[in-house]
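Asks: Structure in structure tokens, see below.
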Amino acid sequence: MVAKHEIDPRKPLLADTVHYSIDITNNNKESVETTGLFLYFVVFVVNLSFVTLGIVVVWISPASAKLRCTDPLENPLGRPISTIELAVLASLIQVGLCIGALLLRGFFDMFGRLGFIIVVNFLLAIFLVTLALVSTIILYYVIIFFIGVLIGSLSVGVPIYISEITQNHNRAKISCIMAIFAPIGSLCSYSLGTFLSLKTATLVSSVPSFTLVILSFLFLPESPTFLLVKGNVESAVLAVKSLVSCDFNTAIRLTKNTEMILSQTTKNNGIDIKSVWCDRASRNGLTTSLVLIVLFSTNIPVLMSYLGIILEAANTESSVGISTVIVGLIQIMSFVTASNLMDKVGRRPLLLISLVTSCILLIIMGLYFFLRSNGAFLEDFKWLPFVCIISLTATLATGLSSVTFTYINEVFTYNVRTIALSLIHFTSGITSFLSVFTFPLIMESIGIAWNFWICCIICFFGFLFVFYRIPETKGKDLLEIQEILGNGYSSI
């Protein structure tokens, strides 16, 4: 006999249900549309991973100023870093990211979403401490590469975990909150790099990962979806109860809905890349996600990685260190704005506005640097690059960045989610590597203006693709999105 508040693991939850809505928040009188404080706590803790990601990705921006100086007290290398060494160092994080996204993705299915997130953050903190203590360029290369590998695995695992602990009514908002943490990390990196030595700033950078390890181990639950797949029904119900902050009976009902979704969307547990490509909905979701991540990777990583160098080249009157901090604050505020706009305005309008505005700003920035390099007198317009950078940061964060990561968290079923996100972040790593590596080379060979104009061309073609091929997903549950993608975007 099974007690009132116990789950019989031998009996599927669906065995005693006649019908449950696939969307636990859609057209269901018993739906639970609240977002408890504990869920926000869980989101905060697990997204400390992205604080570290934000720190690491832009670490090269404040570090480059110190690595290029001749003062041995400021420069751990003891000599100025060369242009090619800087390009390699800045891009190795992206190489590691794409490798980690592919090679380590399977561990999230084997050991659990949360369990492997904890392990990776512990290793990440150790590598950051080690990075602060080395003083040769080869060791910098090796450590930065392995940090990139770990970051790459987190860029897959954390979004999967977030998508599996949220519901339709709060998924977009939580995804935007998730996107805020990387800019917070970037802001911390700019601030630490401006006011502290490179060694001290790098040591402090390990704090978010160490904090995540401790809090996650003590308080956070595993993904209910992962627990259901592994047959641990009772733990899944308890996880849902804590995440939704509901009573036990409601937790059972919501867990049944999750099991229903799994039963209707998971057709093949032995999924591979070929299987994903053969399924029309998965293929269309993957194609649109890849385009969005390429658009993101050709703009944001370059802007954040070389922000200090761009401001120096612009010869603005304000302090470069203070300017980078201001840009970081603008980026955070823009993500907060996006979290409030996305479910009101929709994904497509934000994307289209963001891409059009970015094209205009990139043309202006390119024109400014082109005229300046050809001897034009622009002393009265020294403010223009900084204003354009702030505007570009705001428009990319509000549109392209926020929507991209919300979209890729919405369109994939459980059985393809891990491999799809791995392919997406692998592509992101390759694209970011090429963009970050070539930026200083293009700047030195044909001028910094062409960096902005190339990005403008990419954004223009991205606008056309979004206009004709990206469906709106606002207010739609997973099965509705799968139907739209399977029908070839007939509901745009």
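Identifiers in this document derive from the order of the structure tokens: chains are assigned A, B, ..., residues are numbered from 1 separately in each chain, and ligands are numbered from 1 in order of occurrence.
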Please list as a list in words every residue within 8 Å of stretch 370-380 of chain A, counting only C-alpha atoms and excluding residues in the same chain fewer than 2 positions away.
Replies: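 Counting only C-alpha atoms, the residues come to Gly366, Leu367, Tyr368, Lys382, Trp383, Gly447, Ile448 and Ala449 of chain A.
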Asks: Write the residues of the preceding selection, restricted to C-alpha atoms, as a PDB file, in the first residue's frame.
Replies:
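Saved result, selection.pdb, follows:
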ATOM      1  CA  GLY A 366      33.190  52.493 -39.316  1.00  0.00           C
ATOM      2  CA  LEU A 367      32.832  55.876 -41.047  1.00  0.00           C
ATOM      3  CA  TYR A 368      34.246  57.701 -38.011  1.00  0.00           C
ATOM      4  CA  LYS A 382      35.354  62.586 -30.149  1.00  0.00           C
ATOM      5  CA  TRP A 383      32.242  61.730 -28.147  1.00  0.00           C
ATOM      6  CA  GLY A 447      42.056  49.581 -40.544  1.00  0.00           C
ATOM      7  CA  ILE A 448      39.611  49.207 -37.684  1.00  0.00           C
ATOM      8  CA  ALA A 449      36.776  50.674 -39.778  1.00  0.00           C
TER       9      ALA A 449
END
Asks: Would you mind writing down, as a ChimeraX atom specification, each residue of stretch 234-310 of chain A that DSSP on the backbone assigns to helix (DSSP H, G or I)?
Replies: /A:234-244,248-265,273-278,280-297,300-305,307-310
Asks: Using only C-alpha atoms, determine which residues lie at most 7 Å from A:Leu77, disregarding the query and same-chain residues fewer than 4 positions distant; provide the list as a PyMOL selection string.
Replies: chain A and resi 67+135-137
Asks: Taking only residues of stretch 182-239 of chain A that have an atom at most 10 Å from an atom of stretch 93-112 of chain A, what is each one's shortest atom pair and its distance in Å to one decimal, using only C-alpha atoms, in chain and number order, as CSV?
Replies:
residue,atom,partner,partner_atom,distance
A:Glu222,CA,A:Gly112,CA,7.1
A:Ser223,CA,A:Gly112,CA,7.7
A:Phe226,CA,A:Gly112,CA,6.8
A:Leu227,CA,A:Gly112,CA,8.3
A:Val229,CA,A:Asp109,CA,9.7
A:Lys230,CA,A:Gly112,CA,9.5
Asks: Would you put the residues from that selection into a file with C-alpha atoms, as an mmCIF file, in the first residue's frame?
Replies:
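Final output, saved to result_21.cif:
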data_model
loop_
_atom_site.group_PDB
_atom_site.id
_atom_site.type_symbol
_atom_site.label_atom_id
_atom_site.label_comp_id
_atom_site.auth_asym_id
_atom_site.auth_seq_id
_atom_site.Cartn_x
_atom_site.Cartn_y
_atom_site.Cartn_z
ATOM 1 C CA GLU A 222 18.571 18.249 -9.560
ATOM 2 C CA SER A 223 16.509 18.860 -12.712
ATOM 3 C CA PHE A 226 16.510 14.466 -15.611
ATOM 4 C CA LEU A 227 15.257 12.656 -12.494
ATOM 5 C CA VAL A 229 14.301 10.132 -17.255
ATOM 6 C CA LYS A 230 16.426 8.239 -14.735
#
Asks: So, with only C-alpha atoms as the atoms that count, which of A:Leu53, A:Leu254, A:Leu154, A:Leu187 lies closest to A:Ala236?
Replies: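 Ranked by minimum distance to A:Ala236, first place goes to A:Leu254.
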Asks: Taking 6 positions as the minimum chain separation for residues in the same chain, which residues sit within 8 Å of A:Ala281 when counting only C-alpha atoms? Answer as a PyMOL selection string.
Replies: chain A and resi 482-488
Asks: Residues within 9 Å of stretch 338-351 of chain A, please, as number ranges by chain. Count only C-alpha atoms; anything in the same chain fewer than 6 positions from it doesn't count.
Replies: A: 172-177, 395-404, 406-407, 463, 466-467, 470-475
Asks: Kindly save the residues from that selection, with N, CA and C atoms included, as a PDB file, in the first residue's frame.
Replies:
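Saved to again_35.pdb:
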ATOM      1  N   ALA A 172      10.760  32.764 -20.497  1.00  0.00           N
ATOM      2  CA  ALA A 172      11.410  33.896 -21.182  1.00  0.00           C
ATOM      3  C   ALA A 172      12.041  34.844 -20.177  1.00  0.00           C
ATOM      4  N   LYS A 173      11.306  35.126 -19.095  1.00  0.00           N
ATOM      5  CA  LYS A 173      11.832  36.047 -18.085  1.00  0.00           C
ATOM      6  C   LYS A 173      13.078  35.472 -17.419  1.00  0.00           C
ATOM      7  N   ILE A 174      13.023  34.183 -17.078  1.00  0.00           N
ATOM      8  CA  ILE A 174      14.171  33.547 -16.432  1.00  0.00           C
ATOM      9  C   ILE A 174      15.354  33.478 -17.393  1.00  0.00           C
ATOM     10  N   SER A 175      15.085  33.239 -18.688  1.00  0.00           N
ATOM     11  CA  SER A 175      16.164  33.205 -19.676  1.00  0.00           C
ATOM     12  C   SER A 175      16.843  34.563 -19.787  1.00  0.00           C
ATOM     13  N   CYS A 176      16.052  35.643 -19.714  1.00  0.00           N
ATOM     14  CA  CYS A 176      16.640  36.976 -19.746  1.00  0.00           C
ATOM     15  C   CYS A 176      17.448  37.245 -18.477  1.00  0.00           C
ATOM     16  N   ILE A 177      16.914  36.776 -17.336  1.00  0.00           N
ATOM     17  CA  ILE A 177      17.668  36.907 -16.092  1.00  0.00           C
ATOM     18  C   ILE A 177      18.995  36.160 -16.218  1.00  0.00           C
ATOM     19  N   THR A 395      21.363  48.014 -27.741  1.00  0.00           N
ATOM     20  CA  THR A 395      20.465  47.405 -28.729  1.00  0.00           C
ATOM     21  C   THR A 395      20.748  45.918 -28.925  1.00  0.00           C
ATOM     22  N   LEU A 396      22.027  45.522 -28.858  1.00  0.00           N
ATOM     23  CA  LEU A 396      22.361  44.102 -28.985  1.00  0.00           C
ATOM     24  C   LEU A 396      21.890  43.315 -27.764  1.00  0.00           C
ATOM     25  N   ALA A 397      22.043  43.900 -26.580  1.00  0.00           N
ATOM     26  CA  ALA A 397      21.621  43.205 -25.363  1.00  0.00           C
ATOM     27  C   ALA A 397      20.109  43.082 -25.287  1.00  0.00           C
ATOM     28  N   THR A 398      19.400  44.133 -25.666  1.00  0.00           N
ATOM     29  CA  THR A 398      17.935  44.120 -25.597  1.00  0.00           C
ATOM     30  C   THR A 398      17.328  43.182 -26.623  1.00  0.00           C
ATOM     31  N   GLY A 399      17.950  43.081 -27.785  1.00  0.00           N
ATOM     32  CA  GLY A 399      17.385  42.262 -28.850  1.00  0.00           C
ATOM     33  C   GLY A 399      18.126  40.976 -29.115  1.00  0.00           C
ATOM     34  N   LEU A 400      19.233  41.072 -29.825  1.00  0.00           N
ATOM     35  CA  LEU A 400      19.931  39.890 -30.322  1.00  0.00           C
ATOM     36  C   LEU A 400      20.370  38.941 -29.206  1.00  0.00           C
ATOM     37  N   SER A 401      21.027  39.459 -28.181  1.00  0.00           N
ATOM     38  CA  SER A 401      21.540  38.584 -27.114  1.00  0.00           C
ATOM     39  C   SER A 401      20.406  37.905 -26.349  1.00  0.00           C
ATOM     40  N   SER A 402      19.456  38.700 -25.868  1.00  0.00           N
ATOM     41  CA  SER A 402      18.374  38.159 -25.043  1.00  0.00           C
ATOM     42  C   SER A 402      17.521  37.162 -25.811  1.00  0.00           C
ATOM     43  N   VAL A 403      17.126  37.532 -27.019  1.00  0.00           N
ATOM     44  CA  VAL A 403      16.228  36.679 -27.801  1.00  0.00           C
ATOM     45  C   VAL A 403      16.924  35.386 -28.213  1.00  0.00           C
ATOM     46  N   THR A 404      18.203  35.472 -28.573  1.00  0.00           N
ATOM     47  CA  THR A 404      18.922  34.278 -29.017  1.00  0.00           C
ATOM     48  C   THR A 404      18.885  33.198 -27.953  1.00  0.00           C
ATOM     49  N   THR A 406      16.953  32.974 -25.278  1.00  0.00           N
ATOM     50  CA  THR A 406      15.580  32.559 -24.973  1.00  0.00           C
ATOM     51  C   THR A 406      15.084  31.573 -26.025  1.00  0.00           C
ATOM     52  N   TYR A 407      15.344  31.884 -27.285  1.00  0.00           N
ATOM     53  CA  TYR A 407      14.863  31.058 -28.392  1.00  0.00           C
ATOM     54  C   TYR A 407      15.442  29.648 -28.346  1.00  0.00           C
ATOM     55  N   PHE A 463      19.269  40.207 -40.637  1.00  0.00           N
ATOM     56  CA  PHE A 463      17.930  40.818 -40.633  1.00  0.00           C
ATOM     57  C   PHE A 463      17.025  40.148 -41.661  1.00  0.00           C
ATOM     58  N   VAL A 466      16.027  36.653 -40.391  1.00  0.00           N
ATOM     59  CA  VAL A 466      15.038  36.725 -39.309  1.00  0.00           C
ATOM     60  C   VAL A 466      13.665  37.097 -39.862  1.00  0.00           C
ATOM     61  N   PHE A 467      13.640  38.045 -40.784  1.00  0.00           N
ATOM     62  CA  PHE A 467      12.365  38.519 -41.329  1.00  0.00           C
ATOM     63  C   PHE A 467      11.601  37.407 -42.052  1.00  0.00           C
ATOM     64  N   ILE A 470      12.455  33.255 -39.196  1.00  0.00           N
ATOM     65  CA  ILE A 470      12.351  33.021 -37.757  1.00  0.00           C
ATOM     66  C   ILE A 470      10.896  33.156 -37.318  1.00  0.00           C
ATOM     67  N   PRO A 471      10.301  32.101 -36.754  1.00  0.00           N
ATOM     68  CA  PRO A 471       8.915  32.191 -36.291  1.00  0.00           C
ATOM     69  C   PRO A 471       8.826  32.846 -34.924  1.00  0.00           C
ATOM     70  N   GLU A 472       7.675  33.424 -34.627  1.00  0.00           N
ATOM     71  CA  GLU A 472       7.423  33.979 -33.297  1.00  0.00           C
ATOM     72  C   GLU A 472       7.076  32.845 -32.342  1.00  0.00           C
ATOM     73  N   THR A 473       7.684  32.836 -31.154  1.00  0.00           N
ATOM     74  CA  THR A 473       7.419  31.779 -30.165  1.00  0.00           C
ATOM     75  C   THR A 473       6.778  32.318 -28.901  1.00  0.00           C
ATOM     76  N   LYS A 474       6.468  33.596 -28.868  1.00  0.00           N
ATOM     77  CA  LYS A 474       5.866  34.181 -27.667  1.00  0.00           C
ATOM     78  C   LYS A 474       4.540  33.517 -27.331  1.00  0.00           C
ATOM     79  N   GLY A 475       4.383  33.085 -26.078  1.00  0.00           N
ATOM     80  CA  GLY A 475       3.123  32.521 -25.610  1.00  0.00           C
ATOM     81  C   GLY A 475       2.828  31.121 -26.096  1.00  0.00           C
TER      82      GLY A 475
END
Asks: So which residues touch A:Ile144 within 9 Å, counting only C-alpha atoms, skipping near sequence neighbours fewer than 4 positions away, as a ChimeraX atom specification?
Replies: /A:56,89-90,92-93,96,127-128,131,139-140,148-149
Asks: What does the distance from atom CA of A:Pro80 to atom CA of A:Pro440 come to in Å, to one decimal?
Replies: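 We find that atom CA of A:Pro80 and atom CA of A:Pro440 lie 15.7 Å from each other.
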Asks: Which residues come within 8 Å of stretch 36-52 of chain A, counting only C-alpha atoms, excluding same-chain residues fewer than 5 positions away, as a list in words?
Replies: Asn121, Leu154, Ser155, Val158, Ile162, Ile174, Met178, Phe181, Ala182, Pro183, Ile184, Gly185, Ser186, Ser205, Ser206, Pro208, Ser209, Thr211, Leu212, Leu215, Ser216, Leu220, Ser242, Leu243, Val244 and Ser245 of chain A
Asks: Report the distance between atom CA of A:Ile332 and atom CA of A:Ile300 in Å, rounded to one decimal place.
Replies: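 These atoms are spaced 13.5 Å apart.
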Asks: I'd like to know which of A:Leu478, A:Leu441, A:Ile419, A:Ala313 is closest to A:Gln167, using only C-alpha atoms.
Replies: A:Leu478
